[in-house]
$ cat entry.pdb   # PDB, C-alpha atoms
ATOM      1  CA  LYS A   1     163.770 121.403  50.375  1.00  0.00           C
ATOM      2  CA  THR A   2     161.177 119.036  51.840  1.00  0.00           C
ATOM      3  CA  SER A   3     157.494 119.532  51.101  1.00  0.00           C
ATOM      4  CA  LEU A   4     154.784 118.391  53.517  1.00  0.00           C
ATOM      5  CA  SER A   5     151.916 116.707  51.713  1.00  0.00           C
ATOM      6  CA  TRP A   6     149.836 113.543  51.674  1.00  0.00           C
ATOM      7  CA  ARG A   7     149.025 110.990  49.018  1.00  0.00           C
ATOM      8  CA  GLU A   8     146.426 108.256  49.470  1.00  0.00           C
ATOM      9  CA  GLY A   9     148.023 104.849  49.694  1.00  0.00           C
ATOM     10  CA  ASP A  10     151.318 106.071  51.112  1.00  0.00           C
ATOM     11  CA  ARG A  11     152.637 103.544  53.575  1.00  0.00           C
ATOM     12  CA  VAL A  12     153.597 104.805  57.023  1.00  0.00           C
ATOM     13  CA  SER A  13     156.898 103.303  58.045  1.00  0.00           C
ATOM     14  CA  GLN A  14     156.988 101.666  61.476  1.00  0.00           C
ATOM     15  CA  SER A  15     160.669 102.462  61.721  1.00  0.00           C
ATOM     16  CA  ALA A  16     160.237 106.157  61.029  1.00  0.00           C
ATOM     17  CA  ASN A  17     160.491 108.663  63.835  1.00  0.00           C
ATOM     18  CA  PRO A  18     157.155 109.853  65.247  1.00  0.00           C
ATOM     19  CA  CYS A  19     156.119 113.427  64.562  1.00  0.00           C
ATOM     20  CA  ASN A  20     156.808 115.609  67.598  1.00  0.00           C
ATOM     21  CA  HIS A  21     153.450 117.335  67.160  1.00  0.00           C
ATOM     22  CA  CYS A  22     150.857 114.711  66.299  1.00  0.00           C
ATOM     23  CA  GLY A  23     152.623 111.481  67.262  1.00  0.00           C
ATOM     24  CA  TRP A  24     152.110 109.870  63.852  1.00  0.00           C
ATOM     25  CA  ARG A  25     155.079 108.111  62.306  1.00  0.00           C
ATOM     26  CA  ILE A  26     156.114 109.674  59.018  1.00  0.00           C
ATOM     27  CA  THR A  27     158.135 108.408  56.106  1.00  0.00           C
ATOM     28  CA  HIS A  28     159.750 109.945  53.047  1.00  0.00           C
ATOM     29  CA  ASP A  29     158.464 109.038  49.593  1.00  0.00           C
ATOM     30  CA  THR A  30     160.977 107.917  47.024  1.00  0.00           C
ATOM     31  CA  GLU A  31     159.173 110.027  44.404  1.00  0.00           C
ATOM     32  CA  PRO A  32     158.828 113.737  45.186  1.00  0.00           C
ATOM     33  CA  LEU A  33     155.294 115.062  44.771  1.00  0.00           C
ATOM     34  CA  VAL A  34     156.469 118.625  44.171  1.00  0.00           C
ATOM     35  CA  GLU A  35     158.655 119.414  41.229  1.00  0.00           C
ATOM     36  CA  GLY A  36     162.125 120.350  42.382  1.00  0.00           C
ATOM     37  CA  ALA A  37     161.671 118.902  45.869  1.00  0.00           C
ATOM     38  CA  SER A  38     164.244 116.328  46.949  1.00  0.00           C
ATOM     39  CA  SER A  39     161.734 114.342  48.959  1.00  0.00           C
ATOM     40  CA  THR A  40     158.191 114.473  50.229  1.00  0.00           C
ATOM     41  CA  THR A  41     157.098 113.660  53.738  1.00  0.00           C
ATOM     42  CA  ALA A  42     153.830 111.771  53.871  1.00  0.00           C
ATOM     43  CA  VAL A  43     151.786 113.609  56.442  1.00  0.00           C
ATOM     44  CA  THR A  44     148.057 114.146  56.149  1.00  0.00           C
ATOM     45  CA  THR A  45     146.758 117.568  57.091  1.00  0.00           C
ATOM     46  CA  GLU A  46     144.116 115.867  59.231  1.00  0.00           C
ATOM     47  CA  ARG A  47     146.775 114.144  61.295  1.00  0.00           C
ATOM     48  CA  HIS A  48     149.329 116.912  61.329  1.00  0.00           C
ATOM     49  CA  HIS A  49     147.882 120.263  62.372  1.00  0.00           C
ATOM     50  CA  SER A  50     149.864 123.420  61.908  1.00  0.00           C
ATOM     51  CA  MET A  51     151.767 124.770  64.856  1.00  0.00           C
ATOM     52  CA  ALA A  52     149.478 127.804  64.740  1.00  0.00           C
ATOM     53  CA  SER A  53     146.388 125.643  65.234  1.00  0.00           C
ATOM     54  CA  LYS A  54     148.145 123.766  68.011  1.00  0.00           C
ATOM     55  CA  GLY A  55     148.913 127.028  69.748  1.00  0.00           C
ATOM     56  CA  GLY A  56     145.287 128.073  69.371  1.00  0.00           C
ATOM     57  CA  ALA A  57     144.086 124.780  70.839  1.00  0.00           C
ATOM     58  CA  GLU A  58     146.487 125.100  73.765  1.00  0.00           C
ATOM     59  CA  GLY A  59     145.273 128.630  74.415  1.00  0.00           C
ATOM     60  CA  MET A  60     141.664 127.475  74.279  1.00  0.00           C
ATOM     61  CA  LEU A  61     142.434 124.683  76.741  1.00  0.00           C
ATOM     62  CA  LYS A  62     144.102 127.069  79.196  1.00  0.00           C
ATOM     63  CA  ILE A  63     141.208 129.528  79.098  1.00  0.00           C
ATOM     64  CA  VAL A  64     138.055 127.484  78.476  1.00  0.00           C
ATOM     65  CA  GLY A  65     139.126 124.346  80.378  1.00  0.00           C
ATOM     66  CA  PRO A  66     139.205 126.013  83.820  1.00  0.00           C
ATOM     67  CA  LEU A  67     135.975 127.882  83.010  1.00  0.00           C
ATOM     68  CA  LEU A  68     134.196 124.587  82.324  1.00  0.00           C
ATOM     69  CA  VAL A  69     135.375 123.193  85.663  1.00  0.00           C
ATOM     70  CA  ILE A  70     134.421 126.358  87.568  1.00  0.00           C
ATOM     71  CA  PHE A  71     131.002 126.461  85.895  1.00  0.00           C
ATOM     72  CA  SER A  72     130.345 122.811  86.737  1.00  0.00           C
ATOM     73  CA  ILE A  73     131.309 123.211  90.382  1.00  0.00           C
ATOM     74  CA  ALA A  74     129.418 126.481  90.800  1.00  0.00           C
ATOM     75  CA  THR A  75     126.274 125.107  89.159  1.00  0.00           C
ATOM     76  CA  SER A  76     126.395 121.927  91.243  1.00  0.00           C
ATOM     77  CA  VAL A  77     126.805 123.905  94.460  1.00  0.00           C
ATOM     78  CA  TYR A  78     123.949 126.218  93.522  1.00  0.00           C
ATOM     79  CA  ILE A  79     121.555 123.389  92.649  1.00  0.00           C
ATOM     80  CA  GLY A  80     122.458 121.269  95.638  1.00  0.00           C
ATOM     81  CA  ALA A  81     123.413 123.576  98.475  1.00  0.00           C
ATOM     82  CA  ILE A  82     121.557 126.804  97.669  1.00  0.00           C
ATOM     83  CA  ALA A  83     118.460 126.158  95.578  1.00  0.00           C
ATOM     84  CA  ARG A  84     117.139 123.111  97.434  1.00  0.00           C
ATOM     85  CA  GLY A  85     119.613 122.001 100.077  1.00  0.00           C
ATOM     86  CA  TRP A  86     122.100 119.201  99.533  1.00  0.00           C
ATOM     87  CA  ASP A  87     120.657 115.699  99.672  1.00  0.00           C
ATOM     88  CA  TRP A  88     121.059 112.386  97.844  1.00  0.00           C
ATOM     89  CA  PHE A  89     119.221 113.694  94.761  1.00  0.00           C
ATOM     90  CA  SER A  90     121.726 116.561  94.465  1.00  0.00           C
ATOM     91  CA  TYR A  91     124.371 114.092  93.350  1.00  0.00           C
ATOM     92  CA  HIS A  92     122.344 113.442  90.175  1.00  0.00           C
ATOM     93  CA  PRO A  93     122.598 116.895  88.547  1.00  0.00           C
ATOM     94  CA  ALA A  94     126.073 117.403  90.002  1.00  0.00           C
ATOM     95  CA  ALA A  95     127.389 114.169  88.495  1.00  0.00           C
ATOM     96  CA  MET A  96     125.825 114.846  85.108  1.00  0.00           C
ATOM     97  CA  ILE A  97     127.168 118.406  84.933  1.00  0.00           C
ATOM     98  CA  VAL A  98     130.662 117.356  85.995  1.00  0.00           C
ATOM     99  CA  ALA A  99     130.637 114.421  83.555  1.00  0.00           C
ATOM    100  CA  TYR A 100     129.352 116.115  80.427  1.00  0.00           C
ATOM    101  CA  VAL A 101     130.610 119.677  80.925  1.00  0.00           C
ATOM    102  CA  ALA A 102     133.796 119.589  82.998  1.00  0.00           C
ATOM    103  CA  MET A 103     135.196 116.179  82.048  1.00  0.00           C
ATOM    104  CA  ALA A 104     133.917 115.724  78.496  1.00  0.00           C
ATOM    105  CA  GLY A 105     134.421 119.375  77.589  1.00  0.00           C
ATOM    106  CA  THR A 106     137.979 119.477  78.893  1.00  0.00           C
ATOM    107  CA  SER A 107     138.713 116.122  77.276  1.00  0.00           C
ATOM    108  CA  THR A 108     137.641 117.470  73.881  1.00  0.00           C
ATOM    109  CA  LEU A 109     139.866 120.522  74.277  1.00  0.00           C
ATOM    110  CA  ILE A 110     142.826 118.318  75.216  1.00  0.00           C
ATOM    111  CA  LYS A 111     142.294 116.176  72.110  1.00  0.00           C
ATOM    112  CA  LYS A 112     142.335 119.281  69.914  1.00  0.00           C
ATOM    113  CA  VAL A 113     145.879 120.057  71.065  1.00  0.00           C
ATOM    114  CA  GLY A 114     146.987 116.831  69.378  1.00  0.00           C
ATOM    115  CA  GLY A 115     149.636 114.277  70.132  1.00  0.00           C
ATOM    116  CA  LYS A 116     149.662 110.669  71.286  1.00  0.00           C
ATOM    117  CA  THR A 117     149.739 111.497  75.000  1.00  0.00           C
ATOM    118  CA  ASN A 118     146.862 113.984  74.724  1.00  0.00           C
ATOM    119  CA  THR A 119     144.838 111.428  72.767  1.00  0.00           C
ATOM    120  CA  GLU A 120     145.343 108.919  75.580  1.00  0.00           C
ATOM    121  CA  ILE A 121     144.380 111.501  78.211  1.00  0.00           C
ATOM    122  CA  HIS A 122     141.280 112.259  76.118  1.00  0.00           C
ATOM    123  CA  GLY A 123     140.302 108.603  76.297  1.00  0.00           C
ATOM    124  CA  TYR A 124     140.892 108.370  80.047  1.00  0.00           C
ATOM    125  CA  LEU A 125     138.858 111.500  80.749  1.00  0.00           C
ATOM    126  CA  MET A 126     135.986 110.373  78.538  1.00  0.00           C
ATOM    127  CA  THR A 127     135.931 107.037  80.363  1.00  0.00           C
ATOM    128  CA  ALA A 128     135.857 108.866  83.697  1.00  0.00           C
ATOM    129  CA  ALA A 129     133.009 111.017  82.380  1.00  0.00           C
ATOM    130  CA  MET A 130     131.074 107.911  81.373  1.00  0.00           C
ATOM    131  CA  LEU A 131     131.512 106.352  84.840  1.00  0.00           C
ATOM    132  CA  THR A 132     130.511 109.619  86.540  1.00  0.00           C
ATOM    133  CA  ALA A 133     127.379 109.823  84.393  1.00  0.00           C
ATOM    134  CA  CYS A 134     126.543 106.225  85.319  1.00  0.00           C
ATOM    135  CA  PHE A 135     126.751 107.245  88.969  1.00  0.00           C
ATOM    136  CA  GLY A 136     124.421 110.151  88.250  1.00  0.00           C
ATOM    137  CA  TRP A 137     121.943 107.768  86.651  1.00  0.00           C
ATOM    138  CA  TYR A 138     122.206 105.400  89.634  1.00  0.00           C
ATOM    139  CA  VAL A 139     121.349 108.264  91.985  1.00  0.00           C
ATOM    140  CA  ILE A 140     118.156 109.224  90.168  1.00  0.00           C
ATOM    141  CA  TYR A 141     117.207 105.555  89.815  1.00  0.00           C
ATOM    142  CA  THR A 142     117.423 105.028  93.583  1.00  0.00           C
ATOM    143  CA  VAL A 143     115.607 108.303  94.287  1.00  0.00           C
ATOM    144  CA  LYS A 144     112.704 107.154  92.115  1.00  0.00           C
ATOM    145  CA  ASN A 145     112.609 103.833  93.928  1.00  0.00           C
ATOM    146  CA  GLN A 146     112.705 105.477  97.357  1.00  0.00           C
ATOM    147  CA  ASN A 147     109.748 107.672  96.431  1.00  0.00           C
ATOM    148  CA  SER A 148     107.851 104.866  94.665  1.00  0.00           C
ATOM    149  CA  LYS A 149     107.786 106.833  91.424  1.00  0.00           C
ATOM    150  CA  PRO A 150     107.795 105.258  87.947  1.00  0.00           C
ATOM    151  CA  HIS A 151     110.940 105.460  85.827  1.00  0.00           C
ATOM    152  CA  ASN A 152     111.391 107.097  82.414  1.00  0.00           C
ATOM    153  CA  THR A 153     108.171 109.050  82.193  1.00  0.00           C
ATOM    154  CA  SER A 154     109.550 112.143  80.450  1.00  0.00           C
ATOM    155  CA  TRP A 155     111.639 113.096  77.435  1.00  0.00           C
ATOM    156  CA  HIS A 156     114.316 114.256  79.866  1.00  0.00           C
ATOM    157  CA  ALA A 157     114.531 110.770  81.331  1.00  0.00           C
ATOM    158  CA  TRP A 158     114.621 108.988  77.960  1.00  0.00           C
ATOM    159  CA  ALA A 159     117.204 111.395  76.569  1.00  0.00           C
ATOM    160  CA  GLY A 160     119.332 110.783  79.666  1.00  0.00           C
ATOM    161  CA  VAL A 161     119.072 107.019  79.341  1.00  0.00           C
ATOM    162  CA  ALA A 162     119.932 107.153  75.638  1.00  0.00           C
ATOM    163  CA  THR A 163     122.951 109.343  76.329  1.00  0.00           C
ATOM    164  CA  VAL A 164     124.292 107.179  79.161  1.00  0.00           C
ATOM    165  CA  VAL A 165     123.755 103.927  77.247  1.00  0.00           C
ATOM    166  CA  SER A 166     125.390 105.313  74.100  1.00  0.00           C
ATOM    167  CA  TRP A 167     128.447 106.389  76.096  1.00  0.00           C
ATOM    168  CA  ILE A 168     128.689 102.955  77.729  1.00  0.00           C
ATOM    169  CA  LEU A 169     128.656 101.327  74.290  1.00  0.00           C
ATOM    170  CA  MET A 170     131.022 103.856  72.726  1.00  0.00           C
ATOM    171  CA  ALA A 171     133.697 103.644  75.431  1.00  0.00           C
ATOM    172  CA  PRO A 172     135.115 100.224  74.458  1.00  0.00           C
ATOM    173  CA  PHE A 173     134.629 100.962  70.756  1.00  0.00           C
ATOM    174  CA  GLY A 174     136.542 104.212  71.101  1.00  0.00           C
ATOM    175  CA  TYR A 175     139.415 102.407  72.784  1.00  0.00           C
ATOM    176  CA  PHE A 176     139.733  99.508  70.354  1.00  0.00           C
ATOM    177  CA  ALA A 177     139.080 101.661  67.272  1.00  0.00           C
ATOM    178  CA  PHE A 178     141.019 104.854  67.997  1.00  0.00           C
ATOM    179  CA  ASN A 179     143.733 103.883  70.436  1.00  0.00           C
ATOM    180  CA  PRO A 180     146.717 105.829  69.009  1.00  0.00           C
ATOM    181  CA  THR A 181     149.009 102.836  69.450  1.00  0.00           C
ATOM    182  CA  ASN A 182     147.060  99.995  67.842  1.00  0.00           C
ATOM    183  CA  GLY A 183     143.449 101.054  67.254  1.00  0.00           C
ATOM    184  CA  PHE A 184     142.046  99.226  64.243  1.00  0.00           C
ATOM    185  CA  ALA A 185     140.402 102.392  62.838  1.00  0.00           C
ATOM    186  CA  ARG A 186     142.881 105.041  63.941  1.00  0.00           C
ATOM    187  CA  THR A 187     143.688 105.887  60.308  1.00  0.00           C
ATOM    188  CA  ASN A 188     140.122 105.574  58.985  1.00  0.00           C
ATOM    189  CA  LYS A 189     139.096 109.120  58.064  1.00  0.00           C
ATOM    190  CA  THR A 190     135.379 108.322  57.831  1.00  0.00           C
ATOM    191  CA  LEU A 191     135.133 106.693  61.249  1.00  0.00           C
ATOM    192  CA  ARG A 192     137.320 109.385  62.779  1.00  0.00           C
ATOM    193  CA  LEU A 193     134.966 112.039  61.415  1.00  0.00           C
ATOM    194  CA  LEU A 194     131.928 110.190  62.784  1.00  0.00           C
ATOM    195  CA  HIS A 195     133.696 109.868  66.116  1.00  0.00           C
ATOM    196  CA  LYS A 196     134.442 113.578  66.125  1.00  0.00           C
ATOM    197  CA  LEU A 197     130.901 114.611  65.242  1.00  0.00           C
ATOM    198  CA  GLY A 198     129.007 112.024  67.272  1.00  0.00           C
ATOM    199  CA  GLY A 199     131.361 111.218  70.124  1.00  0.00           C
ATOM    200  CA  GLY A 200     131.548 107.577  69.047  1.00  0.00           C
TER     201      GLY A 200
END

$ encode --input "entry.pdb" --output "structure tokens"
Amino acid sequence: KTSLSWREGDRVSQSANPCNHCGWRITHDTEPLVEGASSTTAVTTERHHSMASKGGAEGMLKIVGPLLVIFSIATSVYIGAIARGWDWFSYHPAAMIVAYVAMAGTSTLIKKVGGKTNTEIHGYLMTAAMLTACFGWYVIYTVKNQNSKPHNTSWHAWAGVATVVSWILMAPFGYFAFNPTNGFARTNKTLRLLHKLGGG
């Protein structure tokens, strides 16, 4: 009988086979943590979700993911083509909605499924979202210039700038810190929690 548990300080063997679910390499302790168990597999519950939770995440992705994309497209079409007529400005709200709702939302759902490949896809999608948001900012910047209007005169504008800048800064940090292959903080529970809560 093998018991799944985690003990701080357990060393993850580089030669061990990766977990089929979460992608983390696991190793067997020489000392069983449960009385009567022949061995104990060092797997943290944070890194190794239950198959039930994985199934729930996959179901959420299949249902909510397409809804996020449909909502983003429908809202963009309404704002640009119906409410005011499509022009250069229309690319600003469209880009922001696609970036932060369709791309970022779907990326988060993919990450919840777990696994090395899904973590990498999460990173790629978040990077694409950041670049799309930068395009959205560029559009509104040029619109302001064309109309000789001052920049950043509202809370909406400052919140947008802060969000775009924070994503630009967080993109390389996210890659070097949480890359599932060699990220320097991929096993740091505190930074991973901050990343989860703040998108860092």

$ residues_around --input "entry.pdb" --residues "stretch 134-149 of chain A" --least-positions-apart "5" --cutoff "8 Å" --atoms "all atoms listed in the file" --output "PDB file with C-alpha atoms, in the frame of the given file"
ATOM      1  CA  TRP A  88     121.059 112.386  97.844  1.00  0.00           C
ATOM      2  CA  PHE A  89     119.221 113.694  94.761  1.00  0.00           C
ATOM      3  CA  TYR A  91     124.371 114.092  93.350  1.00  0.00           C
ATOM      4  CA  HIS A  92     122.344 113.442  90.175  1.00  0.00           C
ATOM      5  CA  PRO A  93     122.598 116.895  88.547  1.00  0.00           C
ATOM      6  CA  ALA A  94     126.073 117.403  90.002  1.00  0.00           C
ATOM      7  CA  ALA A  95     127.389 114.169  88.495  1.00  0.00           C
ATOM      8  CA  MET A  96     125.825 114.846  85.108  1.00  0.00           C
ATOM      9  CA  VAL A 161     119.072 107.019  79.341  1.00  0.00           C
ATOM     10  CA  VAL A 164     124.292 107.179  79.161  1.00  0.00           C
TER      11      VAL A 164
END

$ resolve_selection --input "entry.pdb" --expression "the PyMOL selection byres ((chain A and resi 169-173) around 9)" --output "ChimeraX atom specification"
/A:123,126-127,130,164-168,174-178,199-200

$ residues_around --input "entry.pdb" --residues "stretch 110-113 of chain A" --least-positions-apart "6" --cutoff "10 Å" --atoms "only C-alpha atoms" --output "PyMOL selection string"
chain A and resi 21-22+49+51+53-62+65+104+119-123+125

$ axis_aligned_box --input "entry.pdb" --around "stretch 101-111 of chain A" --padding-each-side "5 Å" --output "lines of an AutoDock Vina configuration file"
center_x = 136.7
center_y = 118.1
center_z = 77.6
size_x = 22.2
size_y = 14.8
size_z = 20.9

$ resolve_selection --input "entry.pdb" --expression "the PyMOL selection byres ((chain A and resi 192) around 12)" --output "number ranges by chain"
A: 46-47, 173-174, 177-180, 183-191, 193-200

$ atom_distance --input "entry.pdb" --atom1 "atom CA of A:Val101" --atom2 "atom CA of A:Leu68"
6.2 Å

$ atom_distance --input "entry.pdb" --atom1 "atom CA of A:Ala129" --atom2 "atom CA of A:Lys116"
20.0 Å

$ resolve_selection --input "entry.pdb" --expression "the PyMOL selection byres ((chain A and resi 74-76) around 9)" --output "compact mmCIF listing (two decimals) with C-alpha atoms, in the coordinates of the input"
# COMPACT_ATOMS: atom_id res chain seq x y z
CA VAL A 69 135.38 123.19 85.66
CA ILE A 70 134.42 126.36 87.57
CA PHE A 71 131.00 126.46 85.90
CA SER A 72 130.34 122.81 86.74
CA ILE A 73 131.31 123.21 90.38
CA VAL A 77 126.80 123.90 94.46
CA TYR A 78 123.95 126.22 93.52
CA ILE A 79 121.56 123.39 92.65
CA GLY A 80 122.46 121.27 95.64
CA ALA A 81 123.41 123.58 98.48
CA SER A 90 121.73 116.56 94.46
CA TYR A 91 124.37 114.09 93.35
CA PRO A 93 122.60 116.90 88.55
CA ALA A 94 126.07 117.40 90.00
CA ALA A 95 127.39 114.17 88.50
CA ILE A 97 127.17 118.41 84.93
CA VAL A 98 130.66 117.36 86.00

$ atom_distance --input "entry.pdb" --atom1 "atom CA of A:Ala99" --atom2 "atom CA of A:Trp158"
17.8 Å

$ closest_residue --input "entry.pdb" --among "A:Asn182, A:Thr153, A:Thr163, A:Thr106" --to "A:Pro66" --atoms "only C-alpha atoms"
A:Thr106
